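Q: Have a peek at target_1.pdb (PDB, C-alpha atoms and all ligand atoms).
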ATOM      1  CA  MET A   1     110.977 117.659  95.781  1.00  0.00           C
ATOM      2  CA  SER A   2     111.007 113.898  95.556  1.00  0.00           C
ATOM      3  CA  GLU A   3     113.642 111.909  93.760  1.00  0.00           C
ATOM      4  CA  ILE A   4     112.662 109.891  90.711  1.00  0.00           C
ATOM      5  CA  PRO A   5     112.985 106.184  91.529  1.00  0.00           C
ATOM      6  CA  VAL A   6     115.822 104.537  89.653  1.00  0.00           C
ATOM      7  CA  GLU A   7     113.571 101.915  88.130  1.00  0.00           C
ATOM      8  CA  ARG A   8     111.470 104.567  86.402  1.00  0.00           C
ATOM      9  CA  ARG A   9     114.477 105.613  84.366  1.00  0.00           C
ATOM     10  CA  THR A  10     115.577 102.190  83.206  1.00  0.00           C
ATOM     11  CA  TYR A  11     114.784 100.275  80.118  1.00  0.00           C
ATOM     12  CA  TYR A  12     112.174  97.725  79.326  1.00  0.00           C
ATOM     13  CA  PRO A  13     111.346  95.024  78.355  1.00  0.00           C
ATOM     14  CA  LEU A  14     112.480  92.491  80.886  1.00  0.00           C
ATOM     15  CA  PRO A  15     115.573  90.454  80.041  1.00  0.00           C
ATOM     16  CA  GLN A  16     115.484  87.020  78.561  1.00  0.00           C
ATOM     17  CA  LEU A  17     115.571  84.179  81.021  1.00  0.00           C
ATOM     18  CA  ASP A  18     119.071  82.743  81.258  1.00  0.00           C
ATOM     19  CA  ALA A  19     118.799  79.280  82.744  1.00  0.00           C
ATOM     20  CA  GLU A  20     122.410  79.220  83.908  1.00  0.00           C
ATOM     21  CA  MET A  21     122.210  82.582  85.670  1.00  0.00           C
ATOM     22  CA  SER A  22     118.740  82.328  87.140  1.00  0.00           C
ATOM     23  CA  ARG A  23     118.086  81.700  90.804  1.00  0.00           C
ATOM     24  CA  ALA A  24     115.096  80.688  92.872  1.00  0.00           C
ATOM     25  CA  CYS A  25     112.744  83.617  93.424  1.00  0.00           C
ATOM     26  CA  PRO A  26     112.181  84.369  97.131  1.00  0.00           C
ATOM     27  CA  ALA A  27     108.616  85.463  96.402  1.00  0.00           C
ATOM     28  CA  CYS A  28     107.171  82.749  94.130  1.00  0.00           C
ATOM     29  CA  GLY A  29     109.812  80.030  94.419  1.00  0.00           C
ATOM     30  CA  LEU A  30     110.325  79.537  90.689  1.00  0.00           C
ATOM     31  CA  GLN A  31     113.827  79.439  89.199  1.00  0.00           C
ATOM     32  CA  MET A  32     113.227  82.674  87.310  1.00  0.00           C
ATOM     33  CA  LEU A  33     115.096  85.304  89.309  1.00  0.00           C
ATOM     34  CA  THR A  34     117.405  86.827  86.694  1.00  0.00           C
ATOM     35  CA  PRO A  35     120.200  89.425  86.873  1.00  0.00           C
ATOM     36  CA  TRP A  36     118.973  92.610  85.250  1.00  0.00           C
ATOM     37  CA  TYR A  37     121.049  95.733  85.500  1.00  0.00           C
ATOM     38  CA  LEU A  38     123.673  97.410  87.616  1.00  0.00           C
ATOM     39  CA  ARG A  39     123.029 100.484  89.687  1.00  0.00           C
ATOM     40  CA  ARG A  40     125.134 102.585  91.995  1.00  0.00           C
ATOM     41  CA  ASP A  41     124.043 104.187  95.237  1.00  0.00           C
ATOM     42  CA  ARG A  42     125.148 107.530  96.623  1.00  0.00           C
ATOM     43  CA  ASP A  43     128.147 105.910  98.300  1.00  0.00           C
ATOM     44  CA  ARG A  44     129.206 104.531  94.913  1.00  0.00           C
ATOM     45  CA  ARG A  45     128.586 100.953  95.904  1.00  0.00           C
ATOM     46  CA  VAL A  46     127.499  98.821  92.970  1.00  0.00           C
ATOM     47  CA  TYR A  47     124.357  96.752  93.153  1.00  0.00           C
ATOM     48  CA  ARG A  48     122.923  94.248  90.742  1.00  0.00           C
ATOM     49  CA  ARG A  49     119.172  94.292  90.509  1.00  0.00           C
ATOM     50  CA  TRP A  50     117.642  90.860  90.159  1.00  0.00           C
ATOM     51  CA  VAL A  51     114.122  90.516  88.859  1.00  0.00           C
ATOM     52  CA  CYS A  52     111.758  87.551  88.730  1.00  0.00           C
ATOM     53  CA  LEU A  53     110.351  87.010  85.239  1.00  0.00           C
ATOM     54  CA  ASN A  54     107.327  85.264  86.704  1.00  0.00           C
ATOM     55  CA  CYS A  55     106.084  87.610  89.408  1.00  0.00           C
ATOM     56  CA  GLN A  56     108.308  90.701  88.856  1.00  0.00           C
ATOM     57  CA  ALA A  57     109.589  90.633  92.404  1.00  0.00           C
ATOM     58  CA  HIS A  58     113.001  92.263  92.521  1.00  0.00           C
ATOM     59  CA  GLU A  59     115.880  92.723  94.876  1.00  0.00           C
ATOM     60  CA  ASP A  60     119.180  94.570  94.868  1.00  0.00           C
ATOM     61  CA  VAL A  61     122.267  92.522  95.651  1.00  0.00           C
ATOM     62  CA  SER A  62     125.692  94.003  96.234  1.00  0.00           C
ATOM     63  CA  GLU A  63     128.027  92.962  93.434  1.00  0.00           C
ATOM     64  CA  GLU A  64     130.656  92.066  96.025  1.00  0.00           C
ATOM     65  CA  GLU A  65     128.261  89.662  97.747  1.00  0.00           C
ATOM     66  CA  SER A  66     127.111  88.011  94.538  1.00  0.00           C
ATOM     67  CA  ALA A  67     130.587  87.576  93.058  1.00  0.00           C
TER      68      ALA A  67
HETATM   69 ZN    ZN B 101     108.890  85.264  91.509  1.00  0.00          ZN
END
Using C-alpha cells, write down the structure from this file.

A:
Amino acid sequence: MSEIPVERRTYYPLPQLDAEMSRACPACGLQMLTPWYLRRDRDRRVYRRWVCLNCQAHEDVSEEESA
C-alpha cells in the first residue's frame, strides 16, 4: 500500500509572491521561489517547502538551514 504524497494533502492555491521573501528559482532563474508551507518528516525534522510561482518547481529546505 503506497503512501499518499504530502503535497496531495495540502492546500491550494499557490501563495502570493512576497518580494522580500522570494529567492531565485534554480529551475527557471526568476526571483519567484517563495516559501510555502512547513512539513515534518518521520524523524520529526521540519522542512519548509519552497515553490516557484513561475514554473512550479519546488524544493524542501530544512528550517535549520534556512534560518
Ligand atoms: Zn521557476

Q: May I have the residues within 6 Å of ligand ZN 101 (chain B), computed using all atoms listed in the file, as a CSV table (one decimal) with C-alpha atoms, in the frame of the given file?

A:
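pocket-v4.csv written:
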chain,number,residue,atom,x,y,z
A,25,CYS,CA,112.7,83.6,93.4
A,27,ALA,CA,108.6,85.5,96.4
A,28,CYS,CA,107.2,82.7,94.1
A,30,LEU,CA,110.3,79.5,90.7
A,52,CYS,CA,111.8,87.6,88.7
A,54,ASN,CA,107.3,85.3,86.7
A,55,CYS,CA,106.1,87.6,89.4
A,57,ALA,CA,109.6,90.6,92.4

Q: Just to confirm, what's the straight-line distance from atom CA of Leu53 of chain A to atom CA of Gln31 of chain A in Å (one decimal)?

A: 9.2 Å

Q: For a test of reading the model, state the distance in Å between atom CA of Ser22 of chain A and atom CA of Arg44 of chain A, rounded to one decimal.

A: 25.7 Å

Q: Residue by residue, what does the PyMOL selection byres (((chain A and resi 20) around 12) and not hetatm) grab here? Present the result as a list in words.

A: Gln16, Leu17, Asp18, Ala19, Met21, Ser22, Arg23, Ala24, Gln31, Met32, Leu33, Thr34 and Pro35 of chain A

Q: So which residues get picked by the PyMOL selection byres (((chain A and resi 49) around 8) and not hetatm) here, written as a VMD selection string?

A: chain A and resid 35 to 39 47 to 48 50 to 51 58 to 61

Q: Those same residues, written as a PDB file, in the frame of the given file with C-alpha atoms?

A:
ATOM      1  CA  PRO A  35     120.200  89.425  86.873  1.00  0.00           C
ATOM      2  CA  TRP A  36     118.973  92.610  85.250  1.00  0.00           C
ATOM      3  CA  TYR A  37     121.049  95.733  85.500  1.00  0.00           C
ATOM      4  CA  LEU A  38     123.673  97.410  87.616  1.00  0.00           C
ATOM      5  CA  ARG A  39     123.029 100.484  89.687  1.00  0.00           C
ATOM      6  CA  TYR A  47     124.357  96.752  93.153  1.00  0.00           C
ATOM      7  CA  ARG A  48     122.923  94.248  90.742  1.00  0.00           C
ATOM      8  CA  TRP A  50     117.642  90.860  90.159  1.00  0.00           C
ATOM      9  CA  VAL A  51     114.122  90.516  88.859  1.00  0.00           C
ATOM     10  CA  HIS A  58     113.001  92.263  92.521  1.00  0.00           C
ATOM     11  CA  GLU A  59     115.880  92.723  94.876  1.00  0.00           C
ATOM     12  CA  ASP A  60     119.180  94.570  94.868  1.00  0.00           C
ATOM     13  CA  VAL A  61     122.267  92.522  95.651  1.00  0.00           C
TER      14      VAL A  61
END
